[in-house]
Amino acid sequence: MPTSDNPPFPAALRIFSLGVIIVLIVGAGLFFAPALVKPRWPWPVTPFSARFLGGFYTAEMAVMAALLFWNRWSPGRLVLVMAFIFTVIVSAVSLINLGYFNFGRKASWLWFLVYLASAAVSGLFLWRSRARPSAKGMTLNPAWRGYMLAETAILGLYGVGMLLFPLMVSSTWPWPVDPFHAQVYSAIFLAGAGGAYLVSKSAPREELLVLGLAQFLVGLLAILGLVITDAAVHRIDWTATRTLCWLALFGWIGVSGGVKLTTASRYFSAQSAS
């Protein structure tokens with residue numbers, strides 16, 4: 001893609017992104033080494049919540065790595081928009097629920113420092129770049145565009161439901177989810193809705209690839225985390241309607257991400273061949 005159409009990011013933003021990745025490695029530890037990370041987390045987490053959050057942080061780490069790899073407006077615009085939505089919502093929910101945090105521990109202060117700084121940096125950069133159009137990309141046919149808008153609506157409505165009606169919506173999850181965690185989880189769906197909406201309007205191949213990667217990992221690791229955790233604690237009713245619906249939701253997210261990855265890869269191959 002031409003540099004004029006897809007300029008690189010400032011060095012300062014790359015350095016900041018690298019710092020965020022280092023923090024995300026700790027979050028990913030909730031999935032891969034929960035016994036080690038849970039005692040050091042800013043608030044108490046159950047086994048299922050730990051693996052679910054760890055899976056999401058692993059996906060977020062992969063997305064931030066993509067930003068460092070390409071270091072350009074595309075896919076950086078998509079990454080920053082999703083990061084801004086996620087960090088603003090989680091920061092607001094955390095500030096409303098200060099009772100969950102033990103401020104006698106450094107982890108709680110670090111949590112707010114990282115999230116508030118991330119929201120400020122991503123928001124500032126997006127504001128300064130607000131007049132810049134998206135990089136040129138593939139043209140979505142009407143069916144693809146319609147699907148992306150439907151995906152935006154589904155993820156957005158579900159995220160709003162988790163945020164505004166946490167007890168009601170989280171009651172459909174396979175494990176007990178308190179209102180604080182439900183509202184934190186809402187940021188995942190709303191960030192995904194923001195990413196899907198951006199791609200529906202313009203689909204640079206890098207952005208489609210990054211969005212697909214994020215969704216594929218979120219869906220895969222959410223289900224895998226549930227299976228691994230229940231193998232140890234045996235608390236999930238796998239025939240319950242709520243469990244099947246939850247599996248269908250995250251299975252759809254994962255499959256949708258896989259299709260985007262395949263589509264983007266084919267577009268890369270076609271561009272390379274031409």
# chains A, B, ... in the order shown; residues from 1 in each chain; ligands from 1

call {"tool": "residues_around", "arguments": {"residues": "stretch 156-167 of chain A", "least_positions_apart": "4", "cutoff": "7 Å", "atoms": "only C-alpha atoms", "output": "MDAnalysis selection string"}}
result
chainID A and resid 152 171 178:179 182:183 186:187 189:190 193

call {"tool": "closest_atom_pairs", "arguments": {"of": "stretch 72-107 of chain A", "to": "stretch 10-14 of chain A", "cutoff": "12 Å", "atoms": "only C-alpha atoms", "output": "Markdown table"}}
result
| residue | atom | partner | partner_atom | distance |
| --- | --- | --- | --- | --- |
| A:Arg72 | CA | A:Pro10 | CA | 9.2 |
| A:Trp73 | CA | A:Pro10 | CA | 10.3 |
| A:Gly76 | CA | A:Leu13 | CA | 10.3 |
| A:Leu80 | CA | A:Leu13 | CA | 10.6 |

call {"tool": "closest_atom_pairs", "arguments": {"of": "stretch 81-100 of chain A", "to": "stretch 116-137 of chain A", "cutoff": "10 Å", "atoms": "only C-alpha atoms", "output": "CSV"}}
result
residue,atom,partner,partner_atom,distance
A:Val81,CA,A:Ser122,CA,7.4
A:Met82,CA,A:Ser122,CA,9.4
A:Ala83,CA,A:Ser122,CA,7.1
A:Phe84,CA,A:Ala119,CA,5.2
A:Ile85,CA,A:Ala119,CA,8.0
A:Phe86,CA,A:Ala119,CA,8.3
A:Thr87,CA,A:Ala119,CA,5.4
A:Val88,CA,A:Ala119,CA,5.7
A:Ile89,CA,A:Ala119,CA,9.3
A:Val90,CA,A:Leu116,CA,9.3
A:Ser91,CA,A:Leu116,CA,6.4
A:Ala92,CA,A:Leu116,CA,9.3

call {"tool": "write_last_selection", "arguments": {"atoms": "N, CA, C and O atoms", "output": "compact mmCIF listing (two decimals), in the first residue's frame"}}
result
# COMPACT_ATOMS: atom_id res chain seq x y z
N VAL A 81 -9.17 2.48 17.55
CA VAL A 81 -10.59 2.67 17.83
C VAL A 81 -11.10 1.60 18.79
O VAL A 81 -11.79 1.90 19.78
N MET A 82 -10.75 0.35 18.53
CA MET A 82 -11.19 -0.73 19.42
C MET A 82 -10.57 -0.58 20.80
O MET A 82 -11.22 -0.80 21.82
N ALA A 83 -9.29 -0.20 20.86
CA ALA A 83 -8.62 -0.01 22.14
C ALA A 83 -9.25 1.14 22.91
O ALA A 83 -9.43 1.06 24.14
N PHE A 84 -9.59 2.22 22.22
CA PHE A 84 -10.20 3.37 22.88
C PHE A 84 -11.55 2.99 23.49
O PHE A 84 -11.83 3.31 24.65
N ILE A 85 -12.39 2.32 22.72
CA ILE A 85 -13.70 1.90 23.24
C ILE A 85 -13.52 1.00 24.45
O ILE A 85 -14.17 1.21 25.49
N PHE A 86 -12.62 0.03 24.35
CA PHE A 86 -12.43 -0.92 25.44
C PHE A 86 -11.91 -0.24 26.70
O PHE A 86 -12.43 -0.43 27.80
N THR A 87 -10.87 0.58 26.55
CA THR A 87 -10.24 1.17 27.74
C THR A 87 -11.14 2.22 28.40
O THR A 87 -11.15 2.34 29.63
N VAL A 88 -11.90 2.97 27.61
CA VAL A 88 -12.81 3.96 28.20
C VAL A 88 -13.89 3.27 29.03
O VAL A 88 -14.18 3.67 30.16
N ILE A 89 -14.48 2.22 28.47
CA ILE A 89 -15.55 1.52 29.18
C ILE A 89 -15.01 0.84 30.44
O ILE A 89 -15.59 0.97 31.53
N VAL A 90 -13.89 0.14 30.32
CA VAL A 90 -13.33 -0.56 31.49
C VAL A 90 -12.89 0.45 32.55
O VAL A 90 -13.07 0.22 33.75
N SER A 91 -12.32 1.57 32.13
CA SER A 91 -11.91 2.60 33.09
C SER A 91 -13.12 3.14 33.85
O SER A 91 -13.09 3.29 35.07
N ALA A 92 -14.21 3.44 33.11
CA ALA A 92 -15.41 3.97 33.75
C ALA A 92 -16.02 2.96 34.71
O ALA A 92 -16.40 3.30 35.85

call {"tool": "closest_residue", "arguments": {"among": "A:Leu98, A:Ala66, A:Leu221, A:Ala191", "to": "A:Leu155", "atoms": "only C-alpha atoms"}}
result
A:Ala191

call {"tool": "select_by_dssp", "arguments": {"residues": "stretch 10-236 of chain A", "states": "alpha helix (DSSP H)", "output": "PyMOL selection string"}}
result
chain A and resi 11-32+34-37+47-70+73-96+106-128+142-164+166-170+179-201+205-233

call {"tool": "closest_residue", "arguments": {"among": "A:Ala150, A:Val23, A:Leu67, A:Ile223", "to": "A:Trp238", "atoms": "only C-alpha atoms"}}
result
A:Ile223

call {"tool": "residues_around", "arguments": {"residues": "A:Val259", "least_positions_apart": "4", "cutoff": "9 Å", "atoms": "only C-alpha atoms", "output": "PDB file with N, CA and C atoms, in the first residue's frame"}}
result
ATOM      1  N   GLY A 212     -10.335 -10.040  11.963  1.00  0.00           N
ATOM      2  CA  GLY A 212     -10.548 -11.486  11.909  1.00  0.00           C
ATOM      3  C   GLY A 212      -9.710 -12.212  12.936  1.00  0.00           C
ATOM      4  N   PHE A 216     -11.324 -14.386  15.912  1.00  0.00           N
ATOM      5  CA  PHE A 216     -11.004 -15.816  15.936  1.00  0.00           C
ATOM      6  C   PHE A 216     -10.428 -16.227  17.291  1.00  0.00           C
ATOM      7  N   GLY A 254     -15.913 -16.742  16.706  1.00  0.00           N
ATOM      8  CA  GLY A 254     -14.690 -17.371  16.233  1.00  0.00           C
ATOM      9  C   GLY A 254     -14.743 -17.716  14.754  1.00  0.00           C
ATOM     10  N   VAL A 255     -15.864 -18.279  14.311  1.00  0.00           N
ATOM     11  CA  VAL A 255     -16.012 -18.647  12.898  1.00  0.00           C
ATOM     12  C   VAL A 255     -16.023 -17.397  12.022  1.00  0.00           C
ATOM     13  N   THR A 263     -10.629 -14.509   3.996  1.00  0.00           N
ATOM     14  CA  THR A 263     -10.899 -13.519   2.950  1.00  0.00           C
ATOM     15  C   THR A 263      -9.723 -12.563   2.781  1.00  0.00           C
ATOM     16  N   ALA A 264      -9.191 -12.086   3.901  1.00  0.00           N
ATOM     17  CA  ALA A 264      -8.056 -11.169   3.843  1.00  0.00           C
ATOM     18  C   ALA A 264      -6.825 -11.846   3.263  1.00  0.00           C
TER      19      ALA A 264
END

call {"tool": "atom_distance", "arguments": {"atom1": "atom CA of A:Ile21", "atom2": "atom CA of A:Met61"}}
result
5.7 Å

call {"tool": "residues_around", "arguments": {"residues": "stretch 32-39 of chain A", "least_positions_apart": "4", "cutoff": "7 Å", "atoms": "only C-alpha atoms", "output": "PyMOL selection string"}}
result
chain A and resi 28+45+50

call {"tool": "write_last_selection", "arguments": {"atoms": "all heavy atoms", "output": "mmCIF file, in the first residue's frame"}}
result
data_model
loop_
_atom_site.group_PDB
_atom_site.id
_atom_site.type_symbol
_atom_site.label_atom_id
_atom_site.label_comp_id
_atom_site.auth_asym_id
_atom_site.auth_seq_id
_atom_site.Cartn_x
_atom_site.Cartn_y
_atom_site.Cartn_z
ATOM 1 N N ALA A 28 -2.521 -12.033 29.854
ATOM 2 C CA ALA A 28 -2.614 -13.333 29.189
ATOM 3 C C ALA A 28 -2.260 -14.469 30.134
ATOM 4 O O ALA A 28 -2.707 -15.605 29.954
ATOM 5 C CB ALA A 28 -1.692 -13.356 27.966
ATOM 6 N N VAL A 45 -10.709 -12.897 41.232
ATOM 7 C CA VAL A 45 -11.374 -13.452 40.052
ATOM 8 C C VAL A 45 -11.595 -14.944 40.255
ATOM 9 O O VAL A 45 -10.763 -15.637 40.841
ATOM 10 C CB VAL A 45 -10.553 -13.227 38.764
ATOM 11 C CG1 VAL A 45 -10.621 -11.781 38.322
ATOM 12 C CG2 VAL A 45 -9.100 -13.644 38.940
ATOM 13 N N ALA A 50 -11.136 -15.818 35.267
ATOM 14 C CA ALA A 50 -9.701 -15.669 35.017
ATOM 15 C C ALA A 50 -9.353 -16.152 33.614
ATOM 16 O O ALA A 50 -8.668 -15.451 32.855
ATOM 17 C CB ALA A 50 -8.905 -16.447 36.065
#

call {"tool": "atom_distance", "arguments": {"atom1": "atom CA of A:Thr46", "atom2": "atom CA of A:Leu95"}}
result
20.8 Å

call {"tool": "atom_distance", "arguments": {"atom1": "atom CA of A:Phe31", "atom2": "atom CA of A:Ala232"}}
result
13.8 Å

call {"tool": "residues_around", "arguments": {"residues": "A:Ile236", "least_positions_apart": "4", "cutoff": "8 Å", "atoms": "only C-alpha atoms", "output": "JSON, numbers by chain"}}
result
{"A": [174, 175, 230, 243]}

call {"tool": "residues_around", "arguments": {"residues": "A:Phe101", "least_positions_apart": "6", "cutoff": "10 Å", "atoms": "only C-alpha atoms", "output": "ChimeraX atom specification"}}
result
/A:41-44,94-95,107-109,111

call {"tool": "closest_residue", "arguments": {"among": "A:Gly146, A:Ser74, A:Gly99, A:Val114", "to": "A:Leu209", "atoms": "only C-alpha atoms"}}
result
A:Ser74

call {"tool": "residues_around", "arguments": {"residues": "A:Pro75", "least_positions_apart": "3", "cutoff": "8 Å", "atoms": "only C-alpha atoms", "output": "list in words"}}
result
Ala66, Leu67, Trp70, Arg72, Leu78, Val79, Pro204, Glu206, Glu207 and Val210 of chain A

call {"tool": "write_last_selection", "arguments": {"atoms": "C-alpha atoms", "output": "PDB file, in the first residue's frame"}}
result
ATOM      1  CA  ALA A  66      -0.045  -6.540  14.512  1.00  0.00           C
ATOM      2  CA  LEU A  67      -0.022  -2.785  15.072  1.00  0.00           C
ATOM      3  CA  TRP A  70       2.600  -2.917  10.261  1.00  0.00           C
ATOM      4  CA  ARG A  72       0.786   2.213   9.675  1.00  0.00           C
ATOM      5  CA  LEU A  78      -8.915  -0.070  13.657  1.00  0.00           C
ATOM      6  CA  VAL A  79      -6.703  -1.116  16.574  1.00  0.00           C
ATOM      7  CA  PRO A 204      -8.392  -2.258   3.965  1.00  0.00           C
ATOM      8  CA  GLU A 206      -4.848  -5.260   7.000  1.00  0.00           C
ATOM      9  CA  GLU A 207      -7.872  -4.154   9.028  1.00  0.00           C
ATOM     10  CA  VAL A 210      -6.614  -7.871  12.272  1.00  0.00           C
TER      11      VAL A 210
END

call {"tool": "decode", "arguments": {"residues": "stretch 224-254 of chain A", "atoms": "N, CA, C and O atoms", "output": "tab-separated table (two decimals), in the first residue's frame"}}
result
chain	number	residue	atom	x	y	z
A	224	LEU	N	-12.28	-22.61	24.66
A	224	LEU	CA	-11.21	-23.47	25.18
A	224	LEU	C	-11.01	-23.23	26.68
A	224	LEU	O	-10.81	-24.19	27.44
A	225	GLY	N	-11.07	-21.97	27.11
A	225	GLY	CA	-10.92	-21.67	28.52
A	225	GLY	C	-12.02	-22.28	29.36
A	225	GLY	O	-11.78	-22.78	30.47
A	226	LEU	N	-13.25	-22.27	28.84
A	226	LEU	CA	-14.36	-22.88	29.57
A	226	LEU	C	-14.15	-24.37	29.72
A	226	LEU	O	-14.36	-24.94	30.80
A	227	VAL	N	-13.71	-25.03	28.65
A	227	VAL	CA	-13.47	-26.48	28.68
A	227	VAL	C	-12.36	-26.83	29.65
A	227	VAL	O	-12.49	-27.75	30.49
A	228	ILE	N	-11.25	-26.11	29.58
A	228	ILE	CA	-10.09	-26.40	30.44
A	228	ILE	C	-10.44	-26.19	31.91
A	228	ILE	O	-10.11	-27.01	32.77
A	229	THR	N	-11.12	-25.09	32.20
A	229	THR	CA	-11.45	-24.78	33.59
A	229	THR	C	-12.44	-25.78	34.16
A	229	THR	O	-12.29	-26.26	35.29
A	230	ASP	N	-13.46	-26.13	33.38
A	230	ASP	CA	-14.46	-27.07	33.89
A	230	ASP	C	-13.88	-28.47	34.06
A	230	ASP	O	-14.37	-29.24	34.89
A	231	ALA	N	-12.85	-28.79	33.31
A	231	ALA	CA	-12.20	-30.09	33.49
A	231	ALA	C	-11.61	-30.21	34.89
A	231	ALA	O	-11.45	-31.33	35.40
A	232	ALA	N	-11.31	-29.06	35.51
A	232	ALA	CA	-10.73	-29.08	36.85
A	232	ALA	C	-11.79	-28.92	37.95
A	232	ALA	O	-11.67	-29.53	39.02
A	233	VAL	N	-12.84	-28.11	37.71
A	233	VAL	CA	-13.79	-27.81	38.78
A	233	VAL	C	-15.15	-28.48	38.60
A	233	VAL	O	-15.93	-28.60	39.56
A	234	HIS	N	-15.49	-28.89	37.38
A	234	HIS	CA	-16.73	-29.63	37.09
A	234	HIS	C	-17.98	-28.89	37.59
A	234	HIS	O	-18.75	-29.42	38.38
A	235	ARG	N	-18.20	-27.68	37.08
A	235	ARG	CA	-19.36	-26.90	37.52
A	235	ARG	C	-20.27	-26.47	36.37
A	235	ARG	O	-21.27	-25.81	36.60
A	236	ILE	N	-19.94	-26.84	35.16
A	236	ILE	CA	-20.74	-26.41	34.01
A	236	ILE	C	-21.72	-27.50	33.60
A	236	ILE	O	-21.35	-28.67	33.47
A	237	ASP	N	-22.97	-27.09	33.42
A	237	ASP	CA	-23.99	-27.99	32.88
A	237	ASP	C	-23.96	-27.85	31.36
A	237	ASP	O	-24.50	-26.88	30.80
A	238	TRP	N	-23.33	-28.78	30.68
A	238	TRP	CA	-23.09	-28.65	29.25
A	238	TRP	C	-24.35	-28.85	28.41
A	238	TRP	O	-24.36	-28.55	27.22
A	239	THR	N	-25.43	-29.34	29.01
A	239	THR	CA	-26.69	-29.51	28.27
A	239	THR	C	-27.67	-28.38	28.54
A	239	THR	O	-28.74	-28.35	27.94
A	240	ALA	N	-27.32	-27.46	29.43
A	240	ALA	CA	-28.21	-26.35	29.76
A	240	ALA	C	-28.35	-25.41	28.55
A	240	ALA	O	-27.40	-25.20	27.79
A	241	THR	N	-29.52	-24.83	28.41
A	241	THR	CA	-29.77	-23.92	27.28
A	241	THR	C	-28.81	-22.74	27.30
A	241	THR	O	-28.30	-22.33	26.25
A	242	ARG	N	-28.55	-22.19	28.49
A	242	ARG	CA	-27.68	-21.02	28.56
A	242	ARG	C	-26.26	-21.36	28.14
A	242	ARG	O	-25.58	-20.55	27.50
A	243	THR	N	-25.81	-22.57	28.46
A	243	THR	CA	-24.47	-22.99	28.04
A	243	THR	C	-24.40	-23.15	26.53
A	243	THR	O	-23.45	-22.69	25.89
A	244	LEU	N	-25.41	-23.78	25.96
A	244	LEU	CA	-25.43	-23.98	24.51
A	244	LEU	C	-25.51	-22.65	23.77
A	244	LEU	O	-24.85	-22.47	22.74
A	245	CYS	N	-26.29	-21.71	24.29
A	245	CYS	CA	-26.39	-20.39	23.66
A	245	CYS	C	-25.07	-19.64	23.75
A	245	CYS	O	-24.65	-18.97	22.79
A	246	TRP	N	-24.41	-19.74	24.89
A	246	TRP	CA	-23.11	-19.08	25.07
A	246	TRP	C	-22.08	-19.67	24.11
A	246	TRP	O	-21.31	-18.94	23.48
A	247	LEU	N	-22.08	-20.99	23.99
A	247	LEU	CA	-21.16	-21.65	23.06
A	247	LEU	C	-21.46	-21.24	21.62
A	247	LEU	O	-20.54	-21.04	20.82
A	248	ALA	N	-22.74	-21.11	21.29
A	248	ALA	CA	-23.11	-20.68	19.94
A	248	ALA	C	-22.64	-19.26	19.67
A	248	ALA	O	-22.15	-18.95	18.57
A	249	LEU	N	-22.77	-18.38	20.67
A	249	LEU	CA	-22.35	-16.99	20.51
A	249	LEU	C	-20.86	-16.90	20.23
A	249	LEU	O	-20.43	-16.27	19.25
A	250	PHE	N	-20.06	-17.54	21.08
A	250	PHE	CA	-18.61	-17.43	20.89
A	250	PHE	C	-18.12	-18.30	19.74
A	250	PHE	O	-17.09	-17.99	19.13
A	251	GLY	N	-18.85	-19.36	19.43
A	251	GLY	CA	-18.52	-20.13	18.24
A	251	GLY	C	-18.73	-19.29	16.99
A	251	GLY	O	-17.90	-19.31	16.07
A	252	TRP	N	-19.83	-18.53	16.96
A	252	TRP	CA	-20.10	-17.64	15.83
A	252	TRP	C	-19.02	-16.57	15.71
A	252	TRP	O	-18.53	-16.29	14.61
A	253	ILE	N	-18.62	-15.98	16.84
A	253	ILE	CA	-17.57	-14.96	16.81
A	253	ILE	C	-16.28	-15.54	16.25
A	253	ILE	O	-15.61	-14.93	15.40
A	254	GLY	N	-15.91	-16.74	16.71
A	254	GLY	CA	-14.69	-17.37	16.23
A	254	GLY	C	-14.74	-17.72	14.75
A	254	GLY	O	-13.79	-17.48	14.01
